[in-house]
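*Asks:* Provided below: entry_31.cif, containing mmCIF, C-alpha atoms.
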data_my_file
#
loop_
_atom_site.label_atom_id
_atom_site.label_comp_id
_atom_site.auth_asym_id
_atom_site.auth_seq_id
_atom_site.Cartn_x
_atom_site.Cartn_y
_atom_site.Cartn_z
CA MET A 1 16.58 11.99 29.89
CA VAL A 2 13.20 10.38 29.52
CA SER A 3 10.65 11.94 27.23
CA ALA A 4 7.10 10.95 26.50
CA PRO A 5 6.86 8.63 23.52
CA ILE A 6 5.43 9.99 20.29
CA MET A 7 2.25 8.09 19.50
CA VAL A 8 0.69 7.37 16.14
CA GLN A 9 -1.92 10.02 15.50
CA ALA A 10 -5.23 9.52 13.78
CA LYS A 11 -4.78 10.50 10.17
CA ILE A 12 -7.47 12.64 8.66
CA TYR A 13 -6.96 13.03 4.94
CA VAL A 14 -9.94 14.62 3.29
CA SER A 15 -13.46 15.64 4.26
CA ILE A 16 -16.61 14.09 2.81
CA GLU A 17 -17.12 17.15 0.59
CA GLN A 18 -13.54 17.00 -0.67
CA ALA A 19 -13.84 13.29 -1.42
CA GLN A 20 -17.07 13.92 -3.37
CA ASN A 21 -15.31 16.52 -5.44
CA LEU A 22 -12.25 14.32 -5.97
CA ILE A 23 -14.20 11.32 -7.21
CA PHE A 24 -16.90 13.28 -9.03
CA PRO A 25 -15.62 16.77 -9.88
CA ASN A 26 -18.34 19.40 -10.25
CA LYS A 27 -21.27 17.16 -9.38
CA VAL A 28 -23.84 18.24 -6.86
CA PHE A 29 -24.82 15.62 -4.29
CA THR A 30 -27.97 15.24 -2.25
CA LYS A 31 -28.01 13.14 0.88
CA LYS A 32 -30.14 10.00 0.44
CA PRO A 33 -30.21 8.11 3.74
CA ILE A 34 -31.48 4.56 3.46
CA LEU A 35 -33.02 2.52 6.24
CA VAL A 36 -30.96 -0.62 6.58
CA THR A 37 -33.36 -3.27 7.84
CA GLU A 38 -32.15 -6.24 9.86
CA ASP A 39 -32.94 -8.43 6.86
CA LEU A 40 -30.74 -6.31 4.57
CA GLN A 41 -28.03 -6.19 7.22
CA GLU A 42 -28.03 -9.97 7.39
CA LYS A 43 -27.84 -10.33 3.59
CA MET A 44 -24.81 -8.04 3.54
CA ARG A 45 -23.18 -9.98 6.34
CA SER A 46 -23.49 -13.21 4.41
CA ALA A 47 -22.24 -11.61 1.19
CA SER A 48 -19.11 -10.09 2.77
CA SER A 49 -16.83 -11.04 5.61
CA ILE A 50 -17.57 -7.85 7.54
CA ARG A 51 -19.48 -8.26 10.77
CA HIS A 52 -20.17 -4.75 12.03
CA PRO A 53 -23.41 -3.16 10.85
CA PHE A 54 -23.55 -0.93 7.78
CA GLN A 55 -24.86 2.56 8.43
CA GLY A 56 -27.33 3.81 5.86
CA ASP A 57 -27.11 7.49 6.76
CA ARG A 58 -23.95 8.30 4.81
CA ILE A 59 -25.22 7.92 1.27
CA TRP A 60 -25.42 10.67 -1.33
CA GLN A 61 -26.68 10.78 -4.90
CA ALA A 62 -25.80 13.14 -7.76
CA ASP A 63 -28.23 14.48 -10.36
CA ASP A 64 -26.93 12.02 -12.96
CA GLY A 65 -27.64 9.05 -10.67
CA SER A 66 -24.06 8.48 -9.42
CA TRP A 67 -23.74 7.32 -5.82
CA PHE A 68 -21.30 8.32 -3.08
CA VAL A 69 -21.18 6.04 -0.02
CA VAL A 70 -19.14 6.45 3.16
CA ASP A 71 -18.40 3.36 5.24
CA GLU A 72 -15.72 2.14 7.59
CA VAL A 73 -13.87 -1.07 8.23
CA VAL A 74 -12.74 -2.06 11.68
CA GLY A 75 -9.80 -4.39 12.11
CA LYS A 76 -8.24 -5.68 15.29
CA HIS A 77 -6.05 -2.63 15.58
CA GLU A 78 -7.28 -0.11 13.10
CA MET A 79 -10.29 1.62 11.73
CA ILE A 80 -10.47 3.06 8.23
CA THR A 81 -13.22 5.41 7.08
CA TYR A 82 -13.47 5.51 3.32
CA ALA A 83 -15.67 6.74 0.51
CA VAL A 84 -16.66 4.84 -2.60
CA GLY A 85 -18.02 6.54 -5.72
CA LEU A 86 -20.31 4.41 -7.89
CA SER A 87 -21.64 5.12 -11.36
CA PRO A 88 -25.45 4.98 -11.82
CA THR A 89 -24.94 1.33 -12.89
CA GLY A 90 -22.88 0.46 -9.82
CA VAL A 91 -19.36 0.52 -11.27
CA VAL A 92 -16.71 1.75 -8.80
CA GLN A 93 -15.45 5.14 -10.00
CA GLY A 94 -13.05 5.86 -7.18
CA ILE A 95 -12.09 5.13 -3.58
CA GLU A 96 -10.79 7.76 -1.23
CA ILE A 97 -9.62 7.19 2.34
CA LEU A 98 -11.05 9.78 4.69
CA GLU A 99 -9.55 8.70 8.01
CA TYR A 100 -7.21 6.10 9.40
CA VAL A 101 -7.08 5.43 13.13
CA GLU A 102 -4.87 2.91 14.89
CA SER A 103 -5.47 1.68 18.39
CA TYR A 104 -2.54 1.80 20.75
CA GLY A 105 -2.42 -1.92 21.27
CA TYR A 106 -4.57 -2.02 24.38
CA GLU A 107 -7.94 -3.63 24.48
CA VAL A 108 -9.91 -0.80 23.00
CA ALA A 109 -13.57 -1.59 22.86
CA GLU A 110 -15.01 -0.98 19.46
CA ALA A 111 -17.73 1.18 20.92
CA GLN A 112 -15.19 3.41 22.56
CA TRP A 113 -13.37 3.85 19.30
CA ARG A 114 -16.50 4.74 17.50
CA LYS A 115 -17.38 7.46 19.94
CA GLN A 116 -14.92 9.81 18.38
CA PHE A 117 -16.62 9.48 15.01
CA ILE A 118 -20.17 10.06 16.13
CA GLY A 119 -21.61 13.47 15.46
CA LYS A 120 -18.71 14.60 13.35
CA THR A 121 -19.42 18.03 11.98
CA ALA A 122 -17.91 20.59 9.67
CA GLY A 123 -16.10 21.94 12.72
CA ASP A 124 -13.82 18.91 12.53
CA GLN A 125 -12.32 20.36 9.38
CA ILE A 126 -9.71 22.07 11.51
CA LYS A 127 -8.06 18.70 11.99
CA LEU A 128 -7.58 18.49 8.24
CA ASN A 129 -4.85 21.06 8.44
CA GLN A 130 -2.81 18.91 10.77
CA ASP A 131 0.36 17.57 9.28
CA ILE A 132 0.22 13.88 8.60
CA GLN A 133 3.09 11.99 10.24
CA ASN A 134 5.66 10.51 7.85
CA ILE A 135 5.91 7.01 9.26
CA SER A 136 8.29 4.41 7.93
CA GLY A 137 7.38 0.93 9.02
CA ALA A 138 5.25 -2.02 8.18
CA THR A 139 1.59 -1.14 7.89
CA LEU A 140 -1.45 -3.25 8.34
CA SER A 141 -2.62 -4.79 5.10
CA SER A 142 -5.48 -3.23 3.21
CA LYS A 143 -7.38 -6.52 2.98
CA HIS A 144 -10.16 -5.27 5.26
CA LEU A 145 -10.61 -2.33 2.98
CA THR A 146 -10.96 -4.57 -0.08
CA ASP A 147 -13.70 -6.42 1.81
CA GLY A 148 -15.27 -3.08 2.68
CA VAL A 149 -15.46 -1.95 -0.93
CA LYS A 150 -17.05 -5.29 -1.84
CA ARG A 151 -19.64 -4.68 0.85
CA VAL A 152 -20.50 -1.25 -0.58
CA VAL A 153 -20.93 -2.81 -4.04
CA THR A 154 -23.15 -5.48 -2.49
CA PHE A 155 -25.17 -2.75 -0.83
CA TYR A 156 -25.65 -1.11 -4.23
CA ASP A 157 -26.97 -4.38 -5.67
CA LEU A 158 -29.32 -4.98 -2.78
CA ALA A 159 -30.59 -1.50 -2.04
CA LEU A 160 -29.57 1.21 -4.51
CA LYS A 161 -29.90 -0.44 -7.91
CA LYS A 162 -33.01 0.43 -9.85
CA PRO A 163 -35.08 -2.63 -10.72
CA SER A 164 -34.46 -3.40 -14.39
CA ARG A 165 -37.29 -2.52 -16.72
CA LYS A 166 -38.52 -5.15 -19.07
CA MET B 1 -2.85 18.35 1.27
CA THR B 2 -2.55 14.61 1.76
CA ARG B 3 -4.64 12.00 0.01
CA CYS B 4 -4.68 8.28 0.61
CA LYS B 5 -5.81 5.34 -1.52
CA PRO B 6 -5.66 1.57 -1.24
CA LEU B 7 -3.01 0.35 -3.73
CA LEU B 8 -0.20 -2.22 -3.79
CA GLY B 9 -1.92 -4.18 -1.02
CA THR B 10 -1.44 -1.31 1.39
CA LEU B 11 -2.46 2.31 1.87
CA VAL B 12 -0.61 4.84 -0.25
CA GLU B 13 -0.39 8.47 0.90
CA ILE B 14 0.54 11.30 -1.43
CA SER B 15 1.23 14.72 0.12
CA ILE B 16 2.00 17.87 -1.75
CA ASP B 17 2.97 21.15 -0.16
CA SER B 18 0.30 23.05 -1.97
CA THR B 19 -3.35 23.76 -1.43
CA ASN B 20 -3.95 24.81 -5.01
CA PRO B 21 -6.95 22.72 -6.19
CA SER B 22 -5.66 22.71 -9.79
CA GLN B 23 -2.79 20.51 -8.62
CA GLN B 24 -5.21 17.71 -7.78
CA PHE B 25 -4.64 16.54 -11.31
CA ALA B 26 -0.98 15.82 -10.52
CA ILE B 27 -1.97 13.67 -7.52
CA ASP B 28 -4.52 11.78 -9.63
CA GLN B 29 -1.83 11.11 -12.23
CA ALA B 30 0.58 9.89 -9.54
CA PHE B 31 -2.03 7.48 -8.12
CA SER B 32 -2.71 6.21 -11.66
CA ALA B 33 1.01 5.60 -12.18
CA ILE B 34 1.11 3.51 -8.99
CA ALA B 35 -1.95 1.56 -10.14
CA LYS B 36 -0.12 0.89 -13.40
CA VAL B 37 2.91 -0.48 -11.55
CA GLN B 38 0.51 -2.71 -9.61
CA ASN B 39 -1.10 -3.97 -12.82
CA LEU B 40 2.27 -4.69 -14.42
CA MET B 41 4.09 -6.25 -11.49
CA GLY B 42 1.48 -7.62 -9.11
CA PHE B 43 1.89 -11.29 -8.24
CA HIS B 44 -1.77 -11.35 -7.23
CA HIS B 45 -2.96 -10.39 -10.72
CA PRO B 46 -3.04 -13.41 -13.02
CA GLN B 47 -3.04 -11.01 -16.01
CA SER B 48 -0.03 -8.93 -14.94
CA GLU B 49 3.16 -8.84 -16.91
CA LEU B 50 4.89 -10.50 -13.96
CA SER B 51 2.45 -13.42 -14.12
CA LYS B 52 3.20 -13.72 -17.83
CA ILE B 53 6.94 -13.82 -17.10
CA ASN B 54 6.38 -16.49 -14.45
CA ALA B 55 4.26 -18.56 -16.81
CA CYS B 56 6.30 -18.29 -20.04
CA ALA B 57 9.74 -16.69 -19.70
CA HIS B 58 11.42 -20.13 -19.81
CA LEU B 59 9.49 -21.07 -22.97
CA GLN B 60 9.73 -17.96 -25.10
CA GLU B 61 11.13 -14.45 -25.33
CA ILE B 62 8.89 -11.87 -23.68
CA GLU B 63 8.77 -8.18 -24.44
CA VAL B 64 8.22 -6.22 -21.23
CA HIS B 65 7.14 -2.67 -20.41
CA PRO B 66 10.06 -0.24 -19.82
CA TRP B 67 9.07 0.00 -16.12
CA THR B 68 9.15 -3.78 -15.68
CA ALA B 69 12.50 -3.85 -17.48
CA GLN B 70 13.81 -1.18 -15.12
CA VAL B 71 12.73 -3.11 -12.02
CA LEU B 72 14.15 -6.39 -13.33
CA ARG B 73 17.48 -4.73 -14.12
CA ALA B 74 17.62 -3.20 -10.64
CA ALA B 75 16.75 -6.61 -9.16
CA MET B 76 19.63 -8.20 -11.11
CA GLU B 77 22.06 -5.55 -9.93
CA LEU B 78 20.88 -5.91 -6.32
CA HIS B 79 21.23 -9.68 -6.60
CA SER B 80 24.81 -9.46 -7.76
CA GLN B 81 25.87 -6.69 -5.35
CA SER B 82 24.33 -8.47 -2.35
CA ASN B 83 26.00 -11.78 -3.28
CA GLY B 84 22.63 -13.37 -3.79
CA LEU B 85 20.94 -12.15 -0.59
CA PHE B 86 18.41 -10.21 -2.62
CA ASN B 87 16.68 -12.57 -5.00
CA CYS B 88 13.10 -12.04 -6.10
CA GLY B 89 13.04 -15.63 -7.34
CA ILE B 90 11.80 -16.78 -3.92
CA GLY B 91 8.14 -16.37 -4.93
CA TYR B 92 7.52 -20.11 -4.85
CA ARG B 93 8.55 -20.23 -1.18
CA LEU B 94 5.97 -17.58 -0.37
CA VAL B 95 3.36 -19.51 -2.37
CA GLN B 96 4.22 -22.69 -0.45
CA ALA B 97 3.88 -20.79 2.81
CA GLY B 98 0.47 -19.51 1.77
CA LEU B 99 1.69 -15.90 1.71
CA LEU B 100 1.06 -15.54 -2.03
CA PRO B 101 -1.75 -16.92 -4.21
CA LYS B 102 -1.16 -20.13 -6.10
CA HIS B 103 -1.13 -19.38 -9.83
CA VAL B 104 1.63 -21.82 -10.65
CA ASP B 105 1.99 -25.55 -10.37
CA LEU B 106 4.70 -25.86 -7.76
CA ALA B 107 5.14 -29.61 -7.95
CA GLN B 108 6.27 -29.76 -11.56
CA ARG B 109 9.02 -27.24 -11.73
CA ASP B 110 12.59 -26.72 -10.80
CA PHE B 111 12.51 -22.98 -10.27
CA GLY B 112 15.42 -20.74 -11.07
CA GLY B 113 16.01 -17.25 -9.72
CA ILE B 114 16.73 -13.81 -11.09
CA GLU B 115 20.18 -15.12 -12.11
CA ASN B 116 18.48 -17.21 -14.80
CA LEU B 117 16.92 -14.17 -16.41
CA GLN B 118 18.59 -12.62 -19.43
CA PHE B 119 17.98 -9.45 -21.38
CA LEU B 120 18.15 -10.08 -25.13
CA ASP B 121 17.74 -6.37 -25.78
CA SER B 122 16.51 -3.43 -23.74
CA HIS B 123 12.96 -4.76 -23.26
CA LEU B 124 13.19 -8.38 -24.35
CA ILE B 125 13.77 -11.10 -21.77
CA ILE B 126 14.11 -14.86 -21.58
CA SER B 127 14.89 -17.28 -18.76
CA SER B 128 16.95 -20.46 -18.76
CA LYS B 129 14.71 -21.96 -16.04
CA PRO B 130 11.05 -21.62 -14.97
CA LEU B 131 10.61 -18.59 -12.74
CA CYS B 132 8.41 -17.72 -9.81
CA LEU B 133 9.48 -14.14 -9.31
CA ASP B 134 7.84 -12.01 -6.65
CA LEU B 135 8.59 -8.32 -7.00
CA GLY B 136 6.93 -7.57 -3.64
CA GLY B 137 10.28 -6.62 -2.14
CA ILE B 138 11.13 -3.99 -4.73
CA ALA B 139 8.12 -2.87 -6.79
CA LYS B 140 6.58 -0.85 -3.98
CA GLY B 141 9.71 1.30 -3.76
CA PHE B 142 9.75 1.62 -7.52
CA ALA B 143 6.09 2.70 -7.51
CA VAL B 144 6.99 5.44 -5.01
CA ASP B 145 9.76 6.67 -7.32
CA ILE B 146 7.43 6.67 -10.32
CA ALA B 147 4.79 8.58 -8.34
CA VAL B 148 7.37 11.19 -7.33
CA SER B 149 8.57 11.70 -10.91
CA THR B 150 4.95 11.93 -12.07
CA LEU B 151 4.27 14.65 -9.50
CA GLN B 152 7.43 16.51 -10.51
CA SER B 153 6.69 16.36 -14.20
CA ASN B 154 3.26 17.84 -13.40
CA GLY B 155 4.87 20.83 -11.75
CA ILE B 156 4.79 19.80 -8.09
CA GLN B 157 7.85 21.23 -6.32
CA SER B 158 7.83 19.34 -3.05
CA GLY B 159 6.00 16.63 -1.17
CA CYS B 160 6.03 13.05 0.00
CA VAL B 161 4.82 9.67 -1.27
CA ASN B 162 4.43 6.93 1.34
CA ALA B 163 3.41 3.42 0.24
CA GLY B 164 2.83 1.46 3.42
CA GLY B 165 5.94 2.76 5.13
CA ASP B 166 8.24 2.96 2.10
CA LEU B 167 8.49 6.67 1.49
CA ARG B 168 10.27 9.34 -0.49
CA ILE B 169 10.54 13.04 0.28
CA PHE B 170 11.21 15.42 -2.59
CA GLY B 171 11.78 19.14 -2.98
CA GLU B 172 13.37 21.91 -0.96
CA LYS B 173 11.56 21.17 2.28
CA SER B 174 12.93 18.56 4.65
CA LYS B 175 10.46 16.48 6.65
CA THR B 176 10.55 14.80 10.02
CA ILE B 177 10.55 11.03 9.73
CA GLN B 178 9.38 8.56 12.34
CA ILE B 179 10.02 4.85 12.53
CA ARG B 180 7.66 2.56 14.41
CA ASN B 181 9.08 1.15 17.61
CA PRO B 182 9.31 -2.63 17.06
CA ALA B 183 8.54 -3.16 20.75
CA SER B 184 5.31 -1.18 20.47
CA ALA B 185 4.22 -0.41 16.93
CA TRP B 186 2.02 2.54 17.95
CA GLU B 187 4.96 4.33 19.42
CA LEU B 188 7.11 6.28 17.03
CA ILE B 189 10.81 7.00 17.12
CA ASP B 190 11.80 10.33 15.66
CA ILE B 191 14.91 9.77 13.56
CA GLY B 192 15.35 13.31 12.29
CA LYS B 193 14.67 15.07 9.04
CA LEU B 194 15.02 13.86 5.49
CA GLN B 195 15.36 15.96 2.36
CA ASN B 196 15.33 14.55 -1.17
CA GLY B 197 15.64 10.98 -0.06
CA SER B 198 13.84 7.73 0.66
CA ILE B 199 13.45 5.43 3.62
CA ALA B 200 11.95 1.96 3.80
CA THR B 201 11.49 -0.35 6.76
CA SER B 202 11.10 -4.10 7.16
CA SER B 203 9.67 -5.54 10.32
CA LEU B 204 7.27 -8.25 11.29
CA TYR B 205 5.23 -6.67 14.08
CA PHE B 206 2.00 -6.56 12.09
CA SER B 207 2.41 -9.51 9.75
CA LYS B 208 3.23 -11.79 12.67
CA ARG B 209 0.16 -10.77 14.55
CA ASP B 210 -2.13 -10.99 11.54
CA GLN B 211 -3.13 -14.29 9.94
CA ASN B 212 0.16 -16.12 9.49
CA SER B 213 3.01 -16.31 11.86
CA ILE B 214 5.44 -17.13 9.04
CA SER B 215 7.90 -14.43 8.09
CA TYR B 216 7.61 -13.07 4.54
CA VAL B 217 11.39 -12.58 4.42
CA VAL B 218 13.07 -15.61 2.85
CA ASP B 219 16.82 -16.17 2.70
CA PRO B 220 17.42 -17.20 -0.93
CA LEU B 221 20.66 -18.94 -0.05
CA ASN B 222 19.05 -21.57 2.17
CA ASP B 223 15.32 -21.11 1.35
CA LYS B 224 14.49 -20.50 5.03
CA HIS B 225 12.05 -17.92 6.33
CA VAL B 226 13.95 -15.34 8.37
CA ASP B 227 12.41 -14.45 11.72
CA PHE B 228 13.33 -11.25 13.49
CA SER B 229 11.89 -9.00 16.15
CA CYS B 230 13.77 -5.79 15.43
CA SER B 231 13.11 -3.23 12.75
CA TYR B 232 15.38 -2.68 9.75
CA SER B 233 15.39 0.55 7.79
CA ILE B 234 17.39 1.76 4.82
CA ILE B 235 17.85 5.35 3.70
CA ALA B 236 18.75 5.79 0.03
CA GLU B 237 18.20 8.36 -2.65
CA GLN B 238 15.70 6.26 -4.59
CA CYS B 239 12.95 4.31 -2.88
CA ILE B 240 13.45 1.23 -5.09
CA TYR B 241 16.85 0.67 -3.46
CA ALA B 242 15.66 1.59 0.03
CA ASP B 243 12.86 -0.98 -0.29
CA ALA B 244 15.00 -3.79 -1.71
CA LEU B 245 17.97 -3.25 0.59
CA THR B 246 15.84 -3.67 3.72
CA LYS B 247 15.69 -7.38 2.76
CA VAL B 248 19.49 -7.56 2.50
CA LEU B 249 19.72 -5.94 5.93
CA ALA B 250 17.08 -8.18 7.51
CA ILE B 251 18.62 -11.36 6.09
CA SER B 252 22.26 -10.48 6.79
CA ASP B 253 21.57 -8.60 10.05
CA ARG B 254 24.62 -6.52 9.11
CA THR B 255 24.28 -2.75 9.02
CA ASP B 256 27.75 -2.65 7.41
CA HIS B 257 27.00 -5.02 4.52
CA PRO B 258 29.23 -3.77 1.66
CA CYS B 259 26.38 -3.38 -0.80
CA PHE B 260 24.92 -0.46 1.23
CA ALA B 261 27.99 1.64 0.44
CA TYR B 262 27.74 0.61 -3.22
CA PHE B 263 24.18 1.99 -3.40
CA SER B 264 25.06 5.02 -1.18
CA ALA B 265 22.56 3.74 1.38
CA GLN B 266 22.51 3.93 5.17
CA ALA B 267 21.22 1.12 7.35
CA ILE B 268 19.39 1.52 10.66
CA ARG B 269 18.54 -1.31 13.00
CA ILE B 270 16.21 -0.71 15.93
CA ASP B 271 16.28 -3.50 18.47
CA ARG B 272 13.19 -4.57 20.27
#
Rewrite the structure from the file as structure tokens, please.
*Replies:*
Amino acid sequence: MVSAPIMVQAKIYVSIEQAQNLIFPNKVFTKKPILVTEDLQEKMRSASSIRHPFQGDRIWQADDGSWFVVDEVVGKHEMITYAVGLSPTGVVQGIEILEYVESYGYEVAEAQWRKQFIGKTAGDQIKLNQDIQNISGATLSSKHLTDGVKRVVTFYDLALKKPSRK
Amino acid sequence: MTRCKPLLGTLVEISIDSTNPSQQFAIDQAFSAIAKVQNLMGFHHPQSELSKINACAHLQEIEVHPWTAQVLRAAMELHSQSNGLFNCGIGYRLVQAGLLPKHVDLAQRDFGGIENLQFLDSHLIISSKPLCLDLGGIAKGFAVDIAVSTLQSNGIQSGCVNAGGDLRIFGEKSKTIQIRNPASAWELIDIGKLQNGSIATSSLYFSKRDQNSISYVVDPLNDKHVDFSCSYSIIAEQCIYADALTKVLAISDRTDHPCFAYFSAQAIRIDR
């Protein structure tokens, strides 16, 4: 008997709203998109090892000045969407993985991968109820993610930090 | 709900069979416990207790945290039951191979292994030789166990903790477990359901394709890196033993190694 192989599914852990509430319970966030100029993009590239552009439209701020930034890291075979919570002074308060997607080992163009993430809406919440597979086996290292968090902190320094008053 | 955070150099998932938001606290506590294991036993952290042991255990007595003591005792038992196949004293080989950071001066020392470590009392240790212990082959499983007991002591009845493929299921509900196919890591092999138990897997499909092509599994008896293309899994009650015994299985390539029966563990080999 031959049956279709079970493939690794995309793992969707928590929504943006849930992650905000997990890192900063009971804080109200307002979206604060930031235009990432080519100059800023280049500075971030030289400060971190991540090549793909940072998107400035997934940034939120709370009333007390805390920041909540969503970014993703793309490896050869995986893509991780994650959220970083920063205090008003830029100290990391928490990291929460939102989604983890593995490619199936074929040459999957990055653009094609990304397509599934564009225009994600609240309607995608349904996927959150899906059971996450319990997979035993070596996983890819989280090194890319460490680089990703460094990039978000760099972004804070370059674009979010208030100029110090003298 | 399932949450996921980067810890222990991998991604750690914690699932609880509850949607009650008040139980978030239990998950937060479990993630903090894992972070604490990482801070105590991480080779990468120059300030960890493990780094202190590696730097000074041959010079002076060191008092260690009860968790570190527990892992070291388990490592000693595994070493003796596996006739030396499990030895976390191989850290220096991984440093030489560039798989671990270089905090120690490798040239100057004649390194011993876990067999040189001695407990003077329950939390006090000393070593007869310089050590370069790497707890990478056991601490992840231990962290999973600690996370599970943290969840349970916070009132969580059932769930799963998965640290980069080393996982433990607890509670009444059994869960379907999949192992990656070593021939195609994105394909999963359904191996059935697990209830109140742990499974860990060793394989090289990702590490070989990433940066280095050197295997992270080192045979302590001849100091050679062990290369393999299949996938080795161990099922045991506690994840610390599942994690550590995958190394005994990978090095011996024997699913009937006598130490598996001693630890009430089951071995699974999946050929490529």
*Asks:* Check the smallest atom-to-atom distance from each of B:Ile62, B:Leu167, B:Ile235, B:Leu194 to chain A using all atoms listed in the file, then report the winner.
*Replies:*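 Once distances to chain A are computed over all atoms listed in the file, the minimum belongs to B:Leu167.
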*Asks:* Hey, what's within 10 Å of B:Ala35 if we count only C-alpha atoms and toss same-chain stuff fewer than 6 positions away? As a list in words, please?
*Replies:*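 The neighbour list is Pro6, Leu7, Leu8, Gln29, Met41, Gly42, Ala143 and Ala147 of chain B.
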*Asks:* Tell me the residues of chain B close to chain A, meaning within 7 Å using only C-alpha atoms, as a list in words.
*Replies:* Thr2, Arg3, Cys4, Lys5, Pro6, Gly9, Thr10, Leu11, Gly164, Gly165, Asp166, Leu167, Thr176, Ile177, Gln178, Ile179, Arg180, Trp186, Glu187, Leu188, Ile189, Ile199, Ala200, Thr201, Ser202, Ser203 and Phe206 of chain B
*Asks:* Here's the selection I'm unsure about, the PyMOL selection byres ((chain A and resi 49) around 10); applied to the file above, which residues does it give, as a ChimeraX atom specification?
*Replies:* /A:44-48,50-52,144,147-148,150-151
*Asks:* What does the distance between atom CA of B:Ile138 and atom CA of A:Val101 come to in Å, to one decimal place?
*Replies:*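 Atom-to-atom, atom CA of B:Ile138 to atom CA of A:Val101, that is 27.2 Å.
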